[in-house]
file input_2.pdb (PDB, N, CA and C atoms and all ligand atoms)
ATOM      1  N   MET A  51      -4.863  24.296   4.325
ATOM      2  CA  MET A  51      -4.240  23.199   3.576
ATOM      3  C   MET A  51      -4.181  23.548   2.090
ATOM      4  N   ALA A  52      -3.072  23.324   1.487
ATOM      5  CA  ALA A  52      -2.905  23.666   0.078
ATOM      6  C   ALA A  52      -3.746  22.756  -0.820
ATOM      7  N   ASP A  53      -4.047  23.254  -1.995
ATOM      8  CA  ASP A  53      -4.862  22.489  -2.944
ATOM      9  C   ASP A  53      -4.262  21.126  -3.251
ATOM     10  N   ILE A  54      -2.963  21.128  -3.406
ATOM     11  CA  ILE A  54      -2.280  19.885  -3.740
ATOM     12  C   ILE A  54      -2.503  18.843  -2.641
ATOM     13  N   HIS A  55      -2.578  19.303  -1.409
ATOM     14  CA  HIS A  55      -2.803  18.379  -0.300
ATOM     15  C   HIS A  55      -4.204  17.782  -0.345
ATOM     16  N   LEU A  56      -5.165  18.618  -0.693
ATOM     17  CA  LEU A  56      -6.538  18.133  -0.806
ATOM     18  C   LEU A  56      -6.638  17.087  -1.907
ATOM     19  N   GLU A  57      -5.939  17.380  -2.978
ATOM     20  CA  GLU A  57      -5.942  16.458  -4.117
ATOM     21  C   GLU A  57      -5.320  15.119  -3.711
ATOM     22  N   LEU A  58      -4.197  15.203  -3.009
ATOM     23  CA  LEU A  58      -3.493  13.994  -2.596
ATOM     24  C   LEU A  58      -4.256  13.251  -1.499
ATOM     25  N   LYS A  59      -4.944  14.007  -0.676
ATOM     26  CA  LYS A  59      -5.727  13.375   0.395
ATOM     27  C   LYS A  59      -6.822  12.509  -0.220
ATOM     28  N   ALA A  60      -7.497  13.041  -1.220
ATOM     29  CA  ALA A  60      -8.545  12.283  -1.913
ATOM     30  C   ALA A  60      -7.951  11.024  -2.532
ATOM     31  N   LYS A  61      -6.776  11.183  -3.091
ATOM     32  CA  LYS A  61      -6.077  10.076  -3.724
ATOM     33  C   LYS A  61      -5.730   8.990  -2.695
ATOM     34  N   LEU A  62      -5.202   9.431  -1.567
ATOM     35  CA  LEU A  62      -4.802   8.500  -0.505
ATOM     36  C   LEU A  62      -6.012   7.772   0.085
ATOM     37  N   GLU A  63      -7.096   8.521   0.271
ATOM     38  CA  GLU A  63      -8.289   7.904   0.842
ATOM     39  C   GLU A  63      -8.861   6.852  -0.097
ATOM     40  N   LYS A  64      -8.771   7.147  -1.383
ATOM     41  CA  LYS A  64      -9.257   6.197  -2.378
ATOM     42  C   LYS A  64      -8.386   4.938  -2.371
ATOM     43  N   GLN A  65      -7.095   5.183  -2.289
ATOM     44  CA  GLN A  65      -6.142   4.081  -2.264
ATOM     45  C   GLN A  65      -6.353   3.210  -1.022
ATOM     46  N   ARG A  66      -6.597   3.877   0.101
ATOM     47  CA  ARG A  66      -6.836   3.155   1.357
ATOM     48  C   ARG A  66      -8.084   2.275   1.239
ATOM     49  N   ASP A  67      -9.134   2.830   0.675
ATOM     50  CA  ASP A  67     -10.373   2.066   0.510
ATOM     51  C   ASP A  67     -10.160   0.853  -0.384
ATOM     52  N   GLN A  68      -9.404   1.061  -1.447
ATOM     53  CA  GLN A  68      -9.129  -0.031  -2.378
ATOM     54  C   GLN A  68      -8.340  -1.144  -1.698
ATOM     55  N   LEU A  69      -7.335  -0.745  -0.946
ATOM     56  CA  LEU A  69      -6.497  -1.729  -0.262
ATOM     57  C   LEU A  69      -7.291  -2.496   0.787
ATOM     58  N   GLN A  70      -8.143  -1.772   1.504
ATOM     59  CA  GLN A  70      -8.959  -2.422   2.532
ATOM     60  C   GLN A  70      -9.915  -3.422   1.897
ATOM     61  N   ALA A  71     -10.473  -3.047   0.766
ATOM     62  CA  ALA A  71     -11.387  -3.936   0.047
ATOM     63  C   ALA A  71     -10.630  -5.162  -0.453
ATOM     64  N   GLU A  72      -9.436  -4.907  -0.952
ATOM     65  CA  GLU A  72      -8.599  -5.980  -1.469
ATOM     66  C   GLU A  72      -8.255  -6.986  -0.376
ATOM     67  N   LEU A  73      -7.913  -6.474   0.787
ATOM     68  CA  LEU A  73      -7.541  -7.338   1.906
ATOM     69  C   LEU A  73      -8.753  -8.120   2.425
ATOM     70  N   ALA A  74      -9.891  -7.487   2.433
ATOM     71  CA  ALA A  74     -11.102  -8.150   2.912
ATOM     72  C   ALA A  74     -11.517  -9.249   1.943
ATOM     73  N   GLU A  75     -11.340  -8.966   0.678
ATOM     74  CA  GLU A  75     -11.756  -9.874  -0.380
ATOM     75  C   GLU A  75     -10.897 -11.138  -0.436
ATOM     76  N   SER A  76      -9.591 -10.958  -0.469
ATOM     77  CA  SER A  76      -8.691 -12.092  -0.663
ATOM     78  C   SER A  76      -8.577 -12.965   0.583
ATOM     79  N   GLY A  77      -9.215 -12.535   1.684
ATOM     80  CA  GLY A  77      -9.138 -13.316   2.908
ATOM     81  C   GLY A  77     -10.041 -14.539   2.883
ATOM     82  N   THR A  78     -11.029 -14.533   2.002
ATOM     83  CA  THR A  78     -11.956 -15.660   1.939
ATOM     84  C   THR A  78     -11.433 -16.731   0.991
ATOM     85  N   PRO A  79     -11.544 -17.997   1.389
ATOM     86  CA  PRO A  79     -11.063 -19.086   0.527
ATOM     87  C   PRO A  79     -11.929 -19.208  -0.715
ATOM     88  N   PRO A  80     -11.352 -19.643  -1.820
ATOM     89  CA  PRO A  80     -12.121 -19.761  -3.063
ATOM     90  C   PRO A  80     -13.185 -20.842  -2.940
ATOM     91  N   ALA A  81     -14.394 -20.507  -3.338
ATOM     92  CA  ALA A  81     -15.493 -21.466  -3.228
ATOM     93  C   ALA A  81     -15.775 -22.068  -4.603
ATOM     94  N   ASP A  82     -14.827 -22.836  -5.086
ATOM     95  CA  ASP A  82     -15.006 -23.401  -6.424
ATOM     96  C   ASP A  82     -15.437 -24.872  -6.375
ATOM     97  N   GLY A  83     -15.586 -25.399  -5.170
ATOM     98  CA  GLY A  83     -16.136 -26.735  -5.022
ATOM     99  C   GLY A  83     -15.242 -27.880  -5.443
ATOM    100  N   MET A  84     -13.964 -27.613  -5.692
ATOM    101  CA  MET A  84     -13.084 -28.714  -6.093
ATOM    102  C   MET A  84     -12.017 -28.990  -5.027
ATOM    103  N   GLY A  85     -12.398 -28.720  -3.804
ATOM    104  CA  GLY A  85     -11.446 -28.913  -2.707
ATOM    105  C   GLY A  85     -11.181 -30.372  -2.405
ATOM    106  N   TYR A  86     -12.207 -31.231  -2.579
ATOM    107  CA  TYR A  86     -12.035 -32.641  -2.246
ATOM    108  C   TYR A  86     -11.686 -33.454  -3.495
ATOM    109  N   GLY A  87     -10.978 -34.526  -3.255
ATOM    110  CA  GLY A  87     -10.671 -35.439  -4.344
ATOM    111  C   GLY A  87      -9.637 -34.933  -5.326
ATOM    112  N   THR A  88      -8.910 -33.901  -4.960
ATOM    113  CA  THR A  88      -7.856 -33.433  -5.857
ATOM    114  C   THR A  88      -6.637 -34.352  -5.745
ATOM    115  N   HIS A  89      -5.922 -34.458  -6.804
ATOM    116  CA  HIS A  89      -4.747 -35.333  -6.826
ATOM    117  C   HIS A  89      -3.533 -34.624  -6.231
ATOM    118  N   GLN A  90      -2.574 -35.416  -5.922
ATOM    119  CA  GLN A  90      -1.350 -34.920  -5.308
ATOM    120  C   GLN A  90      -0.737 -33.779  -6.119
ATOM    121  N   ALA A  91      -0.780 -33.912  -7.424
ATOM    122  CA  ALA A  91      -0.134 -32.945  -8.313
ATOM    123  C   ALA A  91      -0.714 -31.543  -8.145
ATOM    124  N   ASP A  92      -1.983 -31.494  -7.772
ATOM    125  CA  ASP A  92      -2.637 -30.194  -7.653
ATOM    126  C   ASP A  92      -2.219 -29.448  -6.391
ATOM    127  N   ASP A  93      -1.763 -30.189  -5.418
ATOM    128  CA  ASP A  93      -1.420 -29.560  -4.147
ATOM    129  C   ASP A  93      -0.333 -28.506  -4.296
ATOM    130  N   GLY A  94       0.603 -28.789  -5.182
ATOM    131  CA  GLY A  94       1.677 -27.836  -5.422
ATOM    132  C   GLY A  94       1.148 -26.523  -5.953
ATOM    133  N   THR A  95       0.196 -26.645  -6.871
ATOM    134  CA  THR A  95      -0.399 -25.450  -7.452
ATOM    135  C   THR A  95      -1.132 -24.650  -6.395
ATOM    136  N   VAL A  96      -1.897 -25.367  -5.571
ATOM    137  CA  VAL A  96      -2.657 -24.709  -4.517
ATOM    138  C   VAL A  96      -1.711 -24.001  -3.552
ATOM    139  N   ALA A  97      -0.651 -24.694  -3.183
ATOM    140  CA  ALA A  97       0.323 -24.107  -2.263
ATOM    141  C   ALA A  97       0.961 -22.870  -2.882
ATOM    142  N   PHE A  98       1.249 -22.968  -4.169
ATOM    143  CA  PHE A  98       1.848 -21.838  -4.861
ATOM    144  C   PHE A  98       0.901 -20.654  -4.877
ATOM    145  N   GLU A  99      -0.369 -20.941  -5.171
ATOM    146  CA  GLU A  99      -1.360 -19.865  -5.222
ATOM    147  C   GLU A  99      -1.566 -19.238  -3.854
ATOM    148  N   GLN A 100      -1.519 -20.078  -2.832
ATOM    149  CA  GLN A 100      -1.680 -19.554  -1.477
ATOM    150  C   GLN A 100      -0.500 -18.666  -1.098
ATOM    151  N   ALA A 101       0.692 -19.095  -1.514
ATOM    152  CA  ALA A 101       1.890 -18.314  -1.226
ATOM    153  C   ALA A 101       1.845 -16.977  -1.968
ATOM    154  N   ALA A 102       1.381 -17.034  -3.211
ATOM    155  CA  ALA A 102       1.276 -15.812  -4.007
ATOM    156  C   ALA A 102       0.248 -14.873  -3.399
ATOM    157  N   ASP A 103      -0.847 -15.473  -2.942
ATOM    158  CA  ASP A 103      -1.906 -14.696  -2.323
ATOM    159  C   ASP A 103      -1.410 -14.041  -1.039
ATOM    160  N   LEU A 104      -0.645 -14.806  -0.292
ATOM    161  CA  LEU A 104      -0.094 -14.321   0.968
ATOM    162  C   LEU A 104       0.856 -13.153   0.725
ATOM    163  N   ALA A 105       1.697 -13.303  -0.293
ATOM    164  CA  ALA A 105       2.649 -12.244  -0.634
ATOM    165  C   ALA A 105       1.916 -10.976  -1.058
ATOM    166  N   MET A 106       0.843 -11.179  -1.815
ATOM    167  CA  MET A 106       0.061 -10.046  -2.283
ATOM    168  C   MET A 106      -0.608  -9.330  -1.118
ATOM    169  N   ARG A 107      -1.132 -10.133  -0.194
ATOM    170  CA  ARG A 107      -1.774  -9.541   0.981
ATOM    171  C   ARG A 107      -0.769  -8.791   1.854
ATOM    172  N   GLU A 108       0.403  -9.374   1.962
ATOM    173  CA  GLU A 108       1.453  -8.754   2.756
ATOM    174  C   GLU A 108       1.821  -7.392   2.146
ATOM    175  N   ASN A 109       1.901  -7.384   0.833
ATOM    176  CA  ASN A 109       2.181  -6.162   0.099
ATOM    177  C   ASN A 109       1.109  -5.106   0.328
ATOM    178  N   ALA A 110      -0.138  -5.554   0.193
ATOM    179  CA  ALA A 110      -1.279  -4.650   0.350
ATOM    180  C   ALA A 110      -1.330  -4.096   1.766
ATOM    181  N   ARG A 111      -1.009  -4.966   2.733
ATOM    182  CA  ARG A 111      -1.029  -4.539   4.127
ATOM    183  C   ARG A 111       0.035  -3.476   4.397
ATOM    184  N   ARG A 112       1.209  -3.697   3.831
ATOM    185  CA  ARG A 112       2.313  -2.753   4.017
ATOM    186  C   ARG A 112       1.978  -1.403   3.380
ATOM    187  N   MET A 113       1.386  -1.503   2.198
ATOM    188  CA  MET A 113       0.997  -0.304   1.472
ATOM    189  C   MET A 113      -0.075   0.447   2.243
ATOM    190  N   LEU A 114      -1.040  -0.312   2.773
ATOM    191  CA  LEU A 114      -2.124   0.290   3.542
ATOM    192  C   LEU A 114      -1.553   1.037   4.751
ATOM    193  N   TYR A 115      -0.573   0.458   5.367
ATOM    194  CA  TYR A 115       0.070   1.076   6.524
ATOM    195  C   TYR A 115       0.685   2.417   6.118
ATOM    196  N   GLN A 116       1.401   2.415   5.001
ATOM    197  CA  GLN A 116       2.044   3.640   4.521
ATOM    198  C   GLN A 116       1.000   4.718   4.209
ATOM    199  N   VAL A 117      -0.092   4.275   3.575
ATOM    200  CA  VAL A 117      -1.150   5.211   3.199
ATOM    201  C   VAL A 117      -1.801   5.811   4.445
ATOM    202  N   GLU A 118      -2.041   4.960   5.444
ATOM    203  CA  GLU A 118      -2.658   5.449   6.677
ATOM    204  C   GLU A 118      -1.726   6.414   7.414
ATOM    205  N   ARG A 119      -0.445   6.099   7.392
ATOM    206  CA  ARG A 119       0.539   6.987   8.007
ATOM    207  C   ARG A 119       0.530   8.354   7.319
ATOM    208  N   ALA A 120       0.428   8.327   6.004
ATOM    209  CA  ALA A 120       0.421   9.571   5.228
ATOM    210  C   ALA A 120      -0.800  10.421   5.569
ATOM    211  N   LEU A 121      -1.949   9.751   5.705
ATOM    212  CA  LEU A 121      -3.174  10.469   6.062
ATOM    213  C   LEU A 121      -3.064  11.042   7.475
ATOM    214  N   PHE A 122      -2.413  10.308   8.344
ATOM    215  CA  PHE A 122      -2.200  10.758   9.715
ATOM    216  C   PHE A 122      -1.300  12.000   9.725
ATOM    217  N   ARG A 123      -0.247  11.960   8.899
ATOM    218  CA  ARG A 123       0.660  13.118   8.811
ATOM    219  C   ARG A 123      -0.067  14.337   8.255
ATOM    220  N   MET A 124      -1.040  14.086   7.384
ATOM    221  CA  MET A 124      -1.817  15.179   6.829
ATOM    222  C   MET A 124      -2.605  15.872   7.931
ATOM    223  N   GLU A 125      -3.163  15.076   8.823
ATOM    224  CA  GLU A 125      -3.919  15.623   9.943
ATOM    225  C   GLU A 125      -3.016  16.423  10.868
ATOM    226  N   LYS A 126      -1.820  15.923  11.045
ATOM    227  CA  LYS A 126      -0.875  16.593  11.938
ATOM    228  C   LYS A 126      -0.204  17.798  11.283
ATOM    229  N   GLY A 127      -0.327  17.865   9.961
ATOM    230  CA  GLY A 127       0.267  18.975   9.238
ATOM    231  C   GLY A 127       1.731  18.781   8.884
ATOM    232  N   THR A 128       2.194  17.543   8.978
ATOM    233  CA  THR A 128       3.587  17.279   8.628
ATOM    234  C   THR A 128       3.704  16.554   7.289
ATOM    235  N   PHE A 129       2.575  16.461   6.595
ATOM    236  CA  PHE A 129       2.604  15.782   5.304
ATOM    237  C   PHE A 129       3.412  16.592   4.283
ATOM    238  N   GLY A 130       4.173  15.885   3.472
ATOM    239  CA  GLY A 130       4.945  16.555   2.425
ATOM    240  C   GLY A 130       6.299  17.034   2.904
ATOM    241  N   ILE A 131       6.589  16.745   4.180
ATOM    242  CA  ILE A 131       7.897  17.088   4.730
ATOM    243  C   ILE A 131       8.726  15.805   4.814
ATOM    244  N   CYS A 132       9.927  15.859   4.300
ATOM    245  CA  CYS A 132      10.803  14.702   4.346
ATOM    246  C   CYS A 132      11.138  14.374   5.799
ATOM    247  N   GLN A 133      10.970  13.082   6.157
ATOM    248  CA  GLN A 133      11.195  12.702   7.551
ATOM    249  C   GLN A 133      12.674  12.495   7.858
ATOM    250  N   ARG A 134      13.464  12.675   6.847
ATOM    251  CA  ARG A 134      14.886  12.479   7.073
ATOM    252  C   ARG A 134      15.629  13.823   7.146
ATOM    253  N   CYS A 135      15.330  14.704   6.157
ATOM    254  CA  CYS A 135      16.069  15.972   6.126
ATOM    255  C   CYS A 135      15.188  17.178   6.443
ATOM    256  N   ASN A 136      13.873  16.929   6.668
ATOM    257  CA  ASN A 136      12.930  18.011   7.001
ATOM    258  C   ASN A 136      12.742  19.047   5.907
ATOM    259  N   GLU A 137      13.124  18.707   4.704
ATOM    260  CA  GLU A 137      12.870  19.603   3.579
ATOM    261  C   GLU A 137      11.528  19.206   2.960
ATOM    262  N   LYS A 138      10.978  20.102   2.145
ATOM    263  CA  LYS A 138       9.729  19.786   1.459
ATOM    264  C   LYS A 138       9.977  18.722   0.382
ATOM    265  N   ILE A 139       9.066  17.778   0.317
ATOM    266  CA  ILE A 139       9.162  16.753  -0.724
ATOM    267  C   ILE A 139       8.632  17.349  -2.036
ATOM    268  N   GLU A 140       9.311  17.046  -3.123
ATOM    269  CA  GLU A 140       8.921  17.567  -4.426
ATOM    270  C   GLU A 140       7.462  17.209  -4.744
ATOM    271  N   VAL A 141       6.717  18.185  -5.257
ATOM    272  CA  VAL A 141       5.296  17.976  -5.570
ATOM    273  C   VAL A 141       5.121  16.859  -6.605
ATOM    274  N   ALA A 142       5.985  16.835  -7.586
ATOM    275  CA  ALA A 142       5.900  15.797  -8.618
ATOM    276  C   ALA A 142       6.053  14.417  -8.000
ATOM    277  N   ARG A 143       6.926  14.340  -7.013
ATOM    278  CA  ARG A 143       7.152  13.063  -6.323
ATOM    279  C   ARG A 143       5.922  12.670  -5.504
ATOM    280  N   LEU A 144       5.325  13.637  -4.830
ATOM    281  CA  LEU A 144       4.125  13.367  -4.036
ATOM    282  C   LEU A 144       2.963  12.923  -4.922
ATOM    283  N   LYS A 145       2.925  13.495  -6.098
ATOM    284  CA  LYS A 145       1.853  13.110  -7.019
ATOM    285  C   LYS A 145       2.042  11.672  -7.488
ATOM    286  N   ALA A 146       3.290  11.283  -7.650
ATOM    287  CA  ALA A 146       3.588   9.926  -8.102
ATOM    288  C   ALA A 146       3.410   8.919  -6.970
ATOM    289  N   ILE A 147       3.910   9.279  -5.785
ATOM    290  CA  ILE A 147       3.813   8.400  -4.609
ATOM    291  C   ILE A 147       3.315   9.232  -3.431
ATOM    292  N   PRO A 148       1.990   9.402  -3.306
ATOM    293  CA  PRO A 148       1.440  10.292  -2.260
ATOM    294  C   PRO A 148       1.837   9.902  -0.835
ATOM    295  N   TYR A 149       2.116   8.623  -0.622
ATOM    296  CA  TYR A 149       2.397   8.165   0.746
ATOM    297  C   TYR A 149       3.882   8.175   1.095
ATOM    298  N   THR A 150       4.689   8.721   0.218
ATOM    299  CA  THR A 150       6.129   8.689   0.485
ATOM    300  C   THR A 150       6.509   9.535   1.701
ATOM    301  N   ARG A 151       7.550   9.100   2.382
ATOM    302  CA  ARG A 151       7.995   9.821   3.581
ATOM    303  C   ARG A 151       9.251  10.633   3.314
ATOM    304  N   TYR A 152       9.865  10.358   2.183
ATOM    305  CA  TYR A 152      11.154  10.986   1.926
ATOM    306  C   TYR A 152      11.184  11.781   0.623
ATOM    307  N   CYS A 153      12.040  12.774   0.590
ATOM    308  CA  CYS A 153      12.255  13.499  -0.643
ATOM    309  C   CYS A 153      13.063  12.595  -1.590
ATOM    310  N   LEU A 154      13.186  13.047  -2.796
ATOM    311  CA  LEU A 154      13.838  12.222  -3.808
ATOM    312  C   LEU A 154      15.256  11.829  -3.388
ATOM    313  N   HIS A 155      15.974  12.803  -2.884
ATOM    314  CA  HIS A 155      17.356  12.546  -2.489
ATOM    315  C   HIS A 155      17.439  11.514  -1.362
ATOM    316  N   CYS A 156      16.646  11.730  -0.310
ATOM    317  CA  CYS A 156      16.707  10.824   0.849
ATOM    318  C   CYS A 156      16.191   9.430   0.494
ATOM    319  N   ALA A 157      15.212   9.367  -0.395
ATOM    320  CA  ALA A 157      14.672   8.060  -0.796
ATOM    321  C   ALA A 157      15.769   7.225  -1.454
ATOM    322  N   SER A 158      16.592   7.860  -2.227
ATOM    323  CA  SER A 158      17.652   7.123  -2.892
ATOM    324  C   SER A 158      18.713   6.677  -1.895
ATOM    325  N   VAL A 159      18.815   7.424  -0.801
ATOM    326  CA  VAL A 159      19.771   7.058   0.240
ATOM    327  C   VAL A 159      19.162   5.995   1.173
ATOM    328  N   ALA A 160      17.894   6.249   1.581
ATOM    329  CA  ALA A 160      17.252   5.393   2.577
ATOM    330  C   ALA A 160      16.606   4.153   1.997
ATOM    331  N   GLN A 161      16.470   4.096   0.672
ATOM    332  CA  GLN A 161      15.867   2.924   0.019
ATOM    333  C   GLN A 161      14.473   2.630   0.553
ATOM    334  N   GLU A 162      13.581   3.546   0.335
ATOM    335  CA  GLU A 162      12.228   3.341   0.816
ATOM    336  C   GLU A 162      11.600   2.160   0.087
TER     337      GLU A 162
HETATM  338 ZN    ZN A 201      15.012  14.445   2.426
END
call {"tool": "encode", "arguments": {"input": "input_2.pdb", "output": "structure tokens"}}
result
Amino acid sequence: MADIHLELKAKLEKQRDQLQAELAESGTPPADGMGYGTHQADDGTVAFEQAADLAMRENARRMLYQVERALFRMEKGTFGICQRCNEKIEVARLKAIPYTRYCLHCASVAQE
């Protein structure tokens, strides 16, 4: 395995751990003790925060999936290969987005 892959693997594993921690953390309801006796006006805020939290979790989950897929491809030895044109993905691009599946050209076409 090339050095760059080892470097990116460490990066991906760190990212995966962070995302997993993030998902585990935000799953628990806030324990601020002001759940009862809130006025109608506050419900909108709570709903908004829950929606924002949900969107964030959805994002983190999707990202985690991509990161895990990338680590899986590393094990299989297909990491860094564009899944669309089978060309090598630019190293600079991999450094910026280690979990990417496409080379720069295909990403602009496929809208990753
Ligand atoms: Zn490509």
call {"tool": "atom_distance", "arguments": {"input": "input_2.pdb", "atom1": "atom CA of A:Ala74", "atom2": "atom CA of A:Gly94"}}
result
24.9 Å
call {"tool": "closest_residue", "arguments": {"input": "input_2.pdb", "among": "A:Phe98, A:Tyr115, A:Phe129, A:Tyr152", "to": "ligand ZN 201 (chain A)", "atoms": "only N, CA and C atoms and all ligand atoms"}}
result
A:Tyr152
call {"tool": "residues_near_ligand", "arguments": {"input": "input_2.pdb", "ligand": "ligand ZN 201 (chain A)", "cutoff": "7 Å", "atoms": "all atoms listed in the file", "output": "PDB file with N, CA and C atoms, in the frame of the given file"}}
result
ATOM      1  N   ILE A 131       6.589  16.745   4.180  1.00  0.00           N
ATOM      2  CA  ILE A 131       7.897  17.088   4.730  1.00  0.00           C
ATOM      3  C   ILE A 131       8.726  15.805   4.814  1.00  0.00           C
ATOM      4  N   CYS A 132       9.927  15.859   4.300  1.00  0.00           N
ATOM      5  CA  CYS A 132      10.803  14.702   4.346  1.00  0.00           C
ATOM      6  C   CYS A 132      11.138  14.374   5.799  1.00  0.00           C
ATOM      7  N   GLN A 133      10.970  13.082   6.157  1.00  0.00           N
ATOM      8  CA  GLN A 133      11.195  12.702   7.551  1.00  0.00           C
ATOM      9  C   GLN A 133      12.674  12.495   7.858  1.00  0.00           C
ATOM     10  N   ARG A 134      13.464  12.675   6.847  1.00  0.00           N
ATOM     11  CA  ARG A 134      14.886  12.479   7.073  1.00  0.00           C
ATOM     12  C   ARG A 134      15.629  13.823   7.146  1.00  0.00           C
ATOM     13  N   CYS A 135      15.330  14.704   6.157  1.00  0.00           N
ATOM     14  CA  CYS A 135      16.069  15.972   6.126  1.00  0.00           C
ATOM     15  C   CYS A 135      15.188  17.178   6.443  1.00  0.00           C
ATOM     16  N   ASN A 136      13.873  16.929   6.668  1.00  0.00           N
ATOM     17  CA  ASN A 136      12.930  18.011   7.001  1.00  0.00           C
ATOM     18  C   ASN A 136      12.742  19.047   5.907  1.00  0.00           C
ATOM     19  N   GLU A 137      13.124  18.707   4.704  1.00  0.00           N
ATOM     20  CA  GLU A 137      12.870  19.603   3.579  1.00  0.00           C
ATOM     21  C   GLU A 137      11.528  19.206   2.960  1.00  0.00           C
ATOM     22  N   LYS A 138      10.978  20.102   2.145  1.00  0.00           N
ATOM     23  CA  LYS A 138       9.729  19.786   1.459  1.00  0.00           C
ATOM     24  C   LYS A 138       9.977  18.722   0.382  1.00  0.00           C
ATOM     25  N   ARG A 151       7.550   9.100   2.382  1.00  0.00           N
ATOM     26  CA  ARG A 151       7.995   9.821   3.581  1.00  0.00           C
ATOM     27  C   ARG A 151       9.251  10.633   3.314  1.00  0.00           C
ATOM     28  N   TYR A 152       9.865  10.358   2.183  1.00  0.00           N
ATOM     29  CA  TYR A 152      11.154  10.986   1.926  1.00  0.00           C
ATOM     30  C   TYR A 152      11.184  11.781   0.623  1.00  0.00           C
ATOM     31  N   CYS A 153      12.040  12.774   0.590  1.00  0.00           N
ATOM     32  CA  CYS A 153      12.255  13.499  -0.643  1.00  0.00           C
ATOM     33  C   CYS A 153      13.063  12.595  -1.590  1.00  0.00           C
ATOM     34  N   LEU A 154      13.186  13.047  -2.796  1.00  0.00           N
ATOM     35  CA  LEU A 154      13.838  12.222  -3.808  1.00  0.00           C
ATOM     36  C   LEU A 154      15.256  11.829  -3.388  1.00  0.00           C
ATOM     37  N   HIS A 155      15.974  12.803  -2.884  1.00  0.00           N
ATOM     38  CA  HIS A 155      17.356  12.546  -2.489  1.00  0.00           C
ATOM     39  C   HIS A 155      17.439  11.514  -1.362  1.00  0.00           C
ATOM     40  N   CYS A 156      16.646  11.730  -0.310  1.00  0.00           N
ATOM     41  CA  CYS A 156      16.707  10.824   0.849  1.00  0.00           C
ATOM     42  C   CYS A 156      16.191   9.430   0.494  1.00  0.00           C
ATOM     43  N   ALA A 157      15.212   9.367  -0.395  1.00  0.00           N
ATOM     44  CA  ALA A 157      14.672   8.060  -0.796  1.00  0.00           C
ATOM     45  C   ALA A 157      15.769   7.225  -1.454  1.00  0.00           C
TER      46      ALA A 157
END
call {"tool": "resolve_selection", "arguments": {"input": "input_2.pdb", "expression": "the PyMOL selection byres (((chain A and resi 117) around 8) and not hetatm)", "output": "VMD selection string"}}
result
chain A and resid 62 to 63 65 to 66 111 to 116 118 to 123 148 to 150
call {"tool": "atom_distance", "arguments": {"input": "input_2.pdb", "atom1": "atom N of A:Leu56", "atom2": "atom CA of A:Met124"}}
result
8.9 Å
call {"tool": "atom_distance", "arguments": {"input": "input_2.pdb", "atom1": "atom CA of A:Glu140", "atom2": "atom CA of A:Gln70"}}
result
27.7 Å
call {"tool": "select_by_dssp", "arguments": {"input": "input_2.pdb", "residues": "chain A", "states": "alpha helix (DSSP H)", "output": "NGL selection string"}}
result
:A and (53-76 or 90-126 or 141-146 or 154-160)
call {"tool": "closest_residue", "arguments": {"input": "input_2.pdb", "among": "A:Ala110, A:Ile147, A:Gln100, A:Asp92", "to": "A:Glu72", "atoms": "all atoms listed in the file"}}
result
A:Ala110
call {"tool": "axis_aligned_box", "arguments": {"input": "input_2.pdb", "around": "stretch 131-146 of chain A", "padding_each_side": "6 Å", "output": "lines of an AutoDock Vina configuration file"}}
result
center_x = 9.0
center_y = 14.5
center_z = -0.4
size_x = 26.2
size_y = 23.2
size_z = 28.5
